[in-house]
file final-v1.tsv (TSV, C-alpha atoms)
chain	number	residue	atom	x	y	z
F	1	MET	CA	85.20	134.96	118.02
F	2	LYS	CA	88.53	133.54	116.78
F	3	ALA	CA	89.51	133.89	113.13
F	4	GLU	CA	89.14	130.85	110.88
F	5	THR	CA	92.04	128.45	110.99
F	6	SER	CA	93.10	125.28	109.19
F	7	ALA	CA	92.87	121.82	110.72
F	8	ILE	CA	93.05	118.13	109.83
F	9	VAL	CA	90.12	115.74	110.41
F	10	TYR	CA	91.09	112.84	112.66
F	11	ARG	CA	87.73	111.27	113.45
F	12	SER	CA	84.26	111.26	111.97
F	13	THR	CA	81.21	109.97	113.79
F	14	GLY	CA	78.65	111.13	111.28
F	15	SER	CA	77.53	114.41	112.79
F	16	TRP	CA	80.62	115.43	114.78
F	17	TYR	CA	84.21	115.60	113.62
F	18	THR	CA	87.34	115.61	115.76
F	19	VAL	CA	89.89	117.92	114.13
F	20	LYS	CA	93.38	119.02	115.08
F	21	THR	CA	94.79	122.49	114.54
F	22	GLN	CA	98.45	123.31	115.16
F	23	GLU	CA	97.56	124.11	118.77
F	24	GLN	CA	94.64	121.93	119.89
F	25	TRP	CA	91.88	119.39	119.34
F	26	VAL	CA	88.44	120.75	118.41
F	27	GLN	CA	85.02	119.12	118.09
F	28	CYS	CA	83.29	120.37	114.95
F	29	ARG	CA	80.04	120.14	113.04
F	30	ILE	CA	79.57	120.84	109.32
F	31	LYS	CA	78.31	124.15	108.06
F	32	GLY	CA	75.05	123.37	106.23
F	33	ARG	CA	76.12	124.55	102.80
F	34	LEU	CA	78.89	121.93	102.62
F	35	ARG	CA	76.20	119.34	102.02
F	36	LEU	CA	74.83	121.25	99.02
F	37	LYS	CA	77.83	121.28	96.69
F	38	GLY	CA	76.59	118.48	94.47
F	39	ILE	CA	78.57	115.90	96.43
F	40	LYS	CA	76.85	112.53	96.09
F	41	SER	CA	78.87	111.14	98.96
F	42	THR	CA	77.17	110.26	102.22
F	43	ASN	CA	80.04	112.06	103.98
F	44	PRO	CA	81.21	115.34	102.45
F	45	VAL	CA	83.99	115.50	105.07
F	46	ALA	CA	86.31	112.51	105.56
F	47	VAL	CA	89.14	111.54	107.88
F	48	GLY	CA	92.39	112.99	106.52
F	49	ASP	CA	90.68	116.02	105.02
F	50	ARG	CA	92.32	119.40	105.48
F	51	VAL	CA	89.60	121.84	106.45
F	52	MET	CA	88.94	125.40	107.54
F	53	ILE	CA	87.13	125.82	110.85
F	54	ALA	CA	85.49	128.68	112.72
F	55	PHE	CA	85.46	128.46	116.52
F	56	GLU	CA	82.14	128.70	118.38
F	57	ASN	CA	83.87	128.48	121.76
F	58	ASP	CA	87.23	127.25	123.11
F	59	THR	CA	86.67	123.58	122.23
F	60	GLU	CA	83.94	123.51	119.54
F	61	GLY	CA	83.67	124.86	116.04
F	62	ILE	CA	82.15	124.59	112.58
F	63	ILE	CA	83.85	123.22	109.47
F	64	THR	CA	83.36	125.96	106.89
F	65	ASP	CA	85.32	124.53	103.96
F	66	VAL	CA	87.14	121.44	102.75
F	67	LEU	CA	90.48	122.24	101.11
F	68	PRO	CA	91.39	120.49	97.82
F	69	ARG	CA	92.24	116.82	98.30
F	70	GLU	CA	95.44	115.27	96.96
F	71	ASN	CA	93.53	111.99	96.68
F	72	TYR	CA	90.88	109.95	98.42
F	73	ILE	CA	89.59	106.41	98.42
F	74	ILE	CA	85.92	105.76	97.95
F	75	ARG	CA	83.36	102.97	97.75
F	76	LYS	CA	79.68	102.62	97.08
F	77	SER	CA	77.55	103.30	100.10
F	78	VAL	CA	76.42	100.05	101.71
F	79	ASN	CA	72.69	100.78	101.63
F	80	LEU	CA	72.43	103.36	98.85
F	81	SER	CA	73.93	102.11	95.60
F	82	LYS	CA	73.61	105.51	93.95
F	83	GLN	CA	75.61	107.20	96.67
F	84	THR	CA	79.22	106.84	97.65
F	85	HIS	CA	81.20	106.88	100.86
F	86	ILE	CA	84.64	108.48	101.06
F	87	ILE	CA	86.68	106.23	103.35
F	88	ALA	CA	89.62	108.62	103.83
F	89	ALA	CA	91.48	111.44	102.07
F	90	ASN	CA	95.06	112.67	101.54
F	91	ILE	CA	96.63	109.22	101.88
F	92	ASP	CA	100.25	108.38	101.07
F	93	GLN	CA	99.71	104.63	100.92
F	94	VAL	CA	97.13	102.00	101.74
F	95	PHE	CA	97.78	98.61	103.33
F	96	LEU	CA	95.22	95.96	102.40
F	97	LEU	CA	95.22	93.20	105.00
F	98	ILE	CA	94.44	89.78	103.56
F	99	THR	CA	93.74	86.43	105.22
F	100	LEU	CA	93.35	83.07	103.48
F	101	ASN	CA	90.66	81.98	105.92
F	102	ASN	CA	89.14	83.01	109.18
F	103	PRO	CA	87.85	85.09	107.32
F	104	PRO	CA	88.75	84.37	103.67
F	105	THR	CA	89.78	87.23	101.39
F	106	PHE	CA	89.01	86.37	97.79
F	107	THR	CA	91.02	87.61	94.82
F	108	ALA	CA	87.95	89.41	93.42
F	109	PHE	CA	87.93	91.63	96.50
F	110	ILE	CA	91.69	92.24	96.32
F	111	ASP	CA	91.40	93.20	92.66
F	112	ARG	CA	88.49	95.58	93.26
F	113	PHE	CA	90.48	97.30	95.96
F	114	LEU	CA	93.58	97.58	93.76
F	115	VAL	CA	91.55	99.03	90.88
F	116	THR	CA	90.17	101.68	93.22
F	117	ALA	CA	93.64	102.48	94.59
F	118	GLU	CA	95.01	102.76	91.04
F	119	ALA	CA	92.13	104.99	89.98
F	120	TYR	CA	92.74	107.41	92.85
F	121	GLN	CA	96.55	107.17	92.56
F	122	ILE	CA	97.21	105.72	96.00
F	123	PRO	CA	100.10	103.22	96.26
F	124	ALA	CA	98.78	99.92	97.61
F	125	VAL	CA	100.67	97.34	99.67
F	126	LEU	CA	99.27	93.83	100.22
F	127	VAL	CA	99.80	92.42	103.71
F	128	PHE	CA	99.04	88.72	104.19
F	129	ASN	CA	98.27	88.31	107.89
F	130	LYS	CA	97.81	85.38	110.32
F	131	LEU	CA	100.87	83.54	109.04
F	132	ASP	CA	100.95	81.70	112.37
F	133	THR	CA	97.63	79.93	111.64
F	134	TYR	CA	98.33	78.43	108.21
F	135	SER	CA	99.07	74.84	107.27
F	136	THR	CA	101.88	73.97	104.89
F	137	ALA	CA	99.44	73.80	101.97
F	138	GLU	CA	97.96	77.18	102.89
F	139	LYS	CA	101.41	78.73	103.07
F	140	GLU	CA	102.05	77.46	99.53
F	141	THR	CA	98.79	79.08	98.40
F	142	LEU	CA	99.88	82.31	100.09
F	143	GLU	CA	103.23	82.24	98.28
F	144	ASP	CA	101.43	81.69	94.96
F	145	LEU	CA	99.25	84.75	95.63
F	146	LYS	CA	102.26	86.84	96.60
F	147	GLU	CA	104.07	85.76	93.44
F	148	LEU	CA	101.02	86.70	91.34
F	149	TYR	CA	100.70	90.22	92.74
F	150	GLN	CA	104.44	90.85	92.96
F	151	SER	CA	104.76	89.95	89.28
F	152	ILE	CA	102.23	92.71	88.52
F	153	GLY	CA	104.26	95.18	90.58
F	154	TYR	CA	102.61	95.28	94.00
F	155	ASP	CA	104.65	95.02	97.20
F	156	CYS	CA	103.55	92.04	99.30
F	157	TYR	CA	104.41	91.07	102.87
F	158	SER	CA	103.63	88.05	105.03
F	159	ILE	CA	103.14	88.75	108.73
F	160	SER	CA	101.65	87.51	111.95
F	161	ALA	CA	100.36	90.58	113.76
F	162	LEU	CA	99.50	88.43	116.78
F	163	ASN	CA	103.08	87.14	117.12
F	164	GLN	CA	104.59	90.43	115.83
F	165	GLU	CA	106.31	88.54	113.02
F	166	GLY	CA	107.13	90.88	110.13
F	167	VAL	CA	105.60	93.88	111.90
F	168	ASP	CA	108.86	95.87	111.82
F	169	GLN	CA	108.81	95.76	108.01
F	170	ILE	CA	105.38	97.40	107.99
F	171	ARG	CA	106.41	99.96	110.62
F	172	ASN	CA	109.45	100.96	108.55
F	173	LEU	CA	107.29	101.51	105.46
F	174	MET	CA	105.12	103.93	107.42
F	175	ARG	CA	107.75	106.50	108.38
F	176	ASN	CA	106.87	110.07	107.41
F	177	LYS	CA	103.66	108.93	105.72
F	178	VAL	CA	99.89	108.83	106.17
F	179	SER	CA	98.96	105.15	105.91
F	180	MET	CA	95.48	103.72	105.69
F	181	PHE	CA	94.72	100.18	106.86
F	182	SER	CA	91.83	98.34	105.24
F	183	GLY	CA	90.38	94.88	104.70
F	184	HIS	CA	87.51	92.68	105.77
F	185	SER	CA	86.40	92.65	109.39
F	186	GLY	CA	88.49	90.10	111.28
F	187	VAL	CA	91.65	90.18	109.16
F	188	GLY	CA	93.59	91.73	112.03
F	189	LYS	CA	93.79	95.45	111.29
F	190	SER	CA	93.39	96.48	114.93
F	191	THR	CA	95.76	93.72	116.09
F	192	LEU	CA	98.41	94.94	113.64
F	193	ILE	CA	97.96	98.58	114.63
F	194	ASN	CA	98.26	97.58	118.30
F	195	ALA	CA	101.49	95.72	117.48
F	196	ILE	CA	102.85	98.82	115.72
F	197	ALA	CA	101.60	101.24	118.40
F	198	PRO	CA	100.70	99.44	121.64
F	199	ASN	CA	99.75	102.72	123.34
F	200	LEU	CA	96.67	103.01	121.10
F	201	ASN	CA	95.17	99.84	122.60
F	202	LEU	CA	92.51	99.48	119.90
F	203	LYS	CA	89.67	97.05	120.51
F	204	THR	CA	89.89	93.64	118.89
F	205	ALA	CA	87.26	90.91	118.66
F	206	ALA	CA	87.20	87.20	117.99
F	207	ILE	CA	86.03	85.80	114.66
F	208	SER	CA	82.43	84.62	114.52
F	209	GLU	CA	82.68	80.82	114.46
F	210	GLN	CA	79.35	80.45	112.70
F	211	HIS	CA	80.02	82.69	109.73
F	212	GLN	CA	83.84	82.90	109.71
F	213	GLN	CA	83.56	86.65	109.56
F	214	GLY	CA	85.08	89.31	111.71
F	215	GLN	CA	83.01	91.38	114.05
F	216	HIS	CA	83.16	95.12	113.47
F	217	THR	CA	85.40	96.60	116.18
F	218	THR	CA	86.04	99.86	114.33
F	219	THR	CA	82.79	101.76	113.82
F	220	PHE	CA	84.19	104.94	112.30
F	221	ALA	CA	87.38	105.78	110.45
F	222	GLU	CA	89.95	107.37	112.72
F	223	MET	CA	93.49	108.72	112.33
F	224	PHE	CA	96.23	108.44	114.95
F	225	ASP	CA	99.61	110.17	115.32
F	226	LEU	CA	102.61	107.88	115.88
F	227	PRO	CA	106.36	108.45	116.32
F	228	ASP	CA	108.56	108.95	113.23
F	229	ALA	CA	105.99	111.34	111.70
F	230	CYS	CA	103.64	108.43	111.04
F	231	ARG	CA	99.89	108.71	110.84
F	232	ILE	CA	97.62	105.66	110.75
F	233	ILE	CA	94.07	105.70	109.45
F	234	ASP	CA	92.10	102.76	110.83
F	235	THR	CA	88.92	101.99	108.91
F	236	PRO	CA	85.82	99.87	109.55
F	237	GLY	CA	85.93	96.39	108.05
F	238	ILE	CA	84.68	96.28	104.47
F	239	LYS	CA	82.49	93.43	103.24
F	240	GLY	CA	82.21	94.53	99.62
F	241	PHE	CA	83.92	97.04	97.41
F	242	GLY	CA	82.00	98.50	94.48
F	243	ILE	CA	83.92	100.71	92.09
F	244	VAL	CA	82.66	104.22	91.59
F	245	ASP	CA	82.43	106.73	88.74
F	246	MET	CA	84.17	104.66	86.05
F	247	GLU	CA	83.08	104.13	82.49
F	248	PRO	CA	83.53	100.52	81.28
F	249	GLU	CA	86.43	101.53	79.02
F	250	GLU	CA	88.22	103.09	81.99
F	251	ILE	CA	88.42	99.88	84.02
F	252	GLY	CA	90.98	98.02	81.88
F	253	PRO	CA	93.89	100.48	82.37
F	254	TYR	CA	93.66	99.99	86.14
F	255	PHE	CA	94.61	96.35	85.63
F	256	VAL	CA	98.19	97.44	85.14
F	257	GLU	CA	99.44	94.18	83.59
F	258	PHE	CA	97.05	94.63	80.62
F	259	GLU	CA	99.00	97.62	79.32
F	260	GLN	CA	101.82	95.77	77.59
F	261	TYR	CA	99.32	93.77	75.51
F	262	LEU	CA	97.07	96.61	74.32
F	263	SER	CA	99.14	97.21	71.18
F	264	GLN	CA	98.33	93.62	70.14
F	265	CYS	CA	94.56	94.29	70.14
F	266	LYS	CA	93.07	94.69	66.66
F	267	PHE	CA	90.72	97.46	67.82
F	268	HIS	CA	91.98	100.53	69.66
F	269	ASN	CA	88.80	100.60	71.78
F	270	CYS	CA	88.91	96.86	72.55
F	271	ARG	CA	87.07	95.91	75.74
F	272	HIS	CA	88.83	92.50	75.88
F	273	VAL	CA	85.54	90.56	76.03
F	274	HIS	CA	84.16	89.37	72.67
F	275	GLU	CA	86.44	91.16	70.24
F	276	PRO	CA	88.58	89.10	67.83
F	277	GLN	CA	92.37	89.35	67.89
F	278	CYS	CA	92.53	90.68	71.44
F	279	GLY	CA	96.03	90.89	72.91
F	280	VAL	CA	94.73	90.71	76.48
F	281	LYS	CA	92.62	87.57	75.92
F	282	ASP	CA	95.52	85.94	74.08
F	283	ALA	CA	97.80	86.72	77.05
F	284	VAL	CA	95.26	85.11	79.39
F	285	ASP	CA	95.18	82.01	77.18
F	286	ARG	CA	99.00	81.82	77.31
F	287	GLY	CA	98.99	82.20	81.09
F	288	GLU	CA	100.79	85.54	80.95
F	289	ILE	CA	97.84	87.28	82.62
F	290	ALA	CA	96.35	85.43	85.59
F	291	GLY	CA	92.91	83.96	84.99
F	292	SER	CA	91.73	85.26	88.37
F	293	ARG	CA	92.65	88.81	87.38
F	294	TYR	CA	90.83	88.54	84.05
F	295	ARG	CA	87.73	87.13	85.78
F	296	SER	CA	87.83	90.06	88.21
F	297	TYR	CA	87.97	92.42	85.24
F	298	LEU	CA	84.92	90.82	83.60
F	299	GLN	CA	83.04	90.91	86.91
F	300	LEU	CA	83.77	94.62	87.29
F	301	LEU	CA	82.49	95.28	83.77
F	302	GLU	CA	79.29	93.39	84.60
F	303	ASP	CA	78.85	95.17	87.94
F	304	ASP	CA	79.42	98.54	86.32
F	305	SER	CA	76.61	97.95	83.82
F	306	GLN	CA	74.20	97.21	86.67
F	307	TYR	CA	74.67	100.67	88.11
F	308	ARG	CA	73.74	102.50	84.89

call {"tool": "encode", "arguments": {"input": "final-v1.tsv", "output": "structure tokens"}}
result
Amino acid sequence: MKAETSAIVYRSTGSWYTVKTQEQWVQCRIKGRLRLKGIKSTNPVAVGDRVMIAFENDTEGIITDVLPRENYIIRKSVNLSKQTHIIAANIDQVFLLITLNNPPTFTAFIDRFLVTAEAYQIPAVLVFNKLDTYSTAEKETLEDLKELYQSIGYDCYSISALNQEGVDQIRNLMRNKVSMFSGHSGVGKSTLINAIAPNLNLKTAAISEQHQQGQHTTTFAEMFDLPDACRIIDTPGIKGFGIVDMEPEEIGPYFVEFEQYLSQCKFHNCRHVHEPQCGVKDAVDRGEIAGSRYRSYLQLLEDDSQYR
């Protein structure tokens, strides 16, 4: 039997994992004890994880250990609110694909995603896709959204993956990095990845006319190697994004634009809800903090209390 060796997880299908060592691809299962380490996640091993494996034969093995993660991005499990699902690990940056319609991406979803990225210290880039489908009024709305998030400090790009407009900008940002692509089903993740790397030929699907939602074409997270030392992690479309493992007082700092107003709060532990003389609420009233961002903050506080 071969000695244990290190590998990177490229694909997870629930019970089997495709991993890559320096020499080869290996199909692996999890050693039973990995599930007993107090991990509340539905998947103790995630795409992007660095792991140790023991070979059972030339092409199959067992994952014996997960090496420490630099970071990971996580959400509440869809069916089990008390459990979590690690979407991917060891990520250099995450691209959130956004569409104004067909399907719509609401600011509450964007803000939840950004809070999670901030919490797990993963740089986030907002990519507004389907530029080719928007009316003049919709393009103005898009520019307003970009201006809002750029003013906070997030990089924003407008593209048409279908027409390959702006795709080179995204490709250049990906050099020498592990990049995760996320967003609702139907926003064009697979179309964009195909535009960046046509050889992957990922499946795409039309939007459901009845519900204006995308159909899931990516069932499991998967990582791909590209030229220029790029790695892409493609993820299943996300309908909702519940934050995980945060106390209410921890949520505010992840709204990065709040920070400059905290010194103006009368109370050092101000939650920016009902307290008098609150610098954050005053900034909202003056229009210096966007109302949509503040509403997202209040919604996250309310959601957090429901999970306690």

call {"tool": "axis_aligned_box", "arguments": {"input": "final-v1.tsv", "around": "range 286-296 of chain F", "padding_each_side": "6 Å", "output": "AutoDock Vina command-line options"}}
result
--center_x 94.3 --center_y 85.9 --center_z 82.8 --size_x 25.1 --size_y 20.2 --size_z 23.1

call {"tool": "closest_residue", "arguments": {"input": "final-v1.tsv", "among": "F:Asp65, F:Asp111, F:Glu56, F:Asp155", "to": "Arg295 in chain F", "atoms": "all atoms listed in the file"}}
result
F:Asp111

call {"tool": "closest_residue", "arguments": {"input": "final-v1.tsv", "among": "F:Asn129, F:Ser6, F:Ser190, F:Asn172", "to": "Asp49 in chain F", "atoms": "only C-alpha atoms"}}
result
F:Ser6

call {"tool": "closest_residue", "arguments": {"input": "final-v1.tsv", "among": "F:Ala3, F:Leu148, F:Ala161, F:Ala229", "to": "Ala290 in chain F", "atoms": "all atoms listed in the file"}}
result
F:Leu148

call {"tool": "atom_distance", "arguments": {"input": "final-v1.tsv", "atom1": "CA of Tyr297 in chain F", "atom2": "CA of Gly252 in chain F"}}
result
7.2 Å

call {"tool": "closest_residue", "arguments": {"input": "final-v1.tsv", "among": "F:Gln121, F:Thr42, F:Thr107, F:Asn101", "to": "Ser135 in chain F", "atoms": "all atoms listed in the file"}}
result
F:Asn101

call {"tool": "residues_around", "arguments": {"input": "final-v1.tsv", "residues": "range 7-15 of chain F", "least_positions_apart": "6", "cutoff": "10 Å", "atoms": "all atoms listed in the file", "output": "ChimeraX atom specification"}}
result
/F:21-30,42-43,45-53,63,66-67,88-89,219-225,231-234

call {"tool": "residues_around", "arguments": {"input": "final-v1.tsv", "residues": "Gly153 in chain F", "least_positions_apart": "6", "cutoff": "12 Å", "atoms": "only C-alpha atoms", "output": "ChimeraX atom specification"}}
result
/F:114,118,123-126,146-147,255-257

call {"tool": "closest_residue", "arguments": {"input": "final-v1.tsv", "among": "F:Val284, F:Leu300, F:Val167, F:Ile87", "to": "Phe109 in chain F", "atoms": "all atoms listed in the file"}}
result
F:Leu300
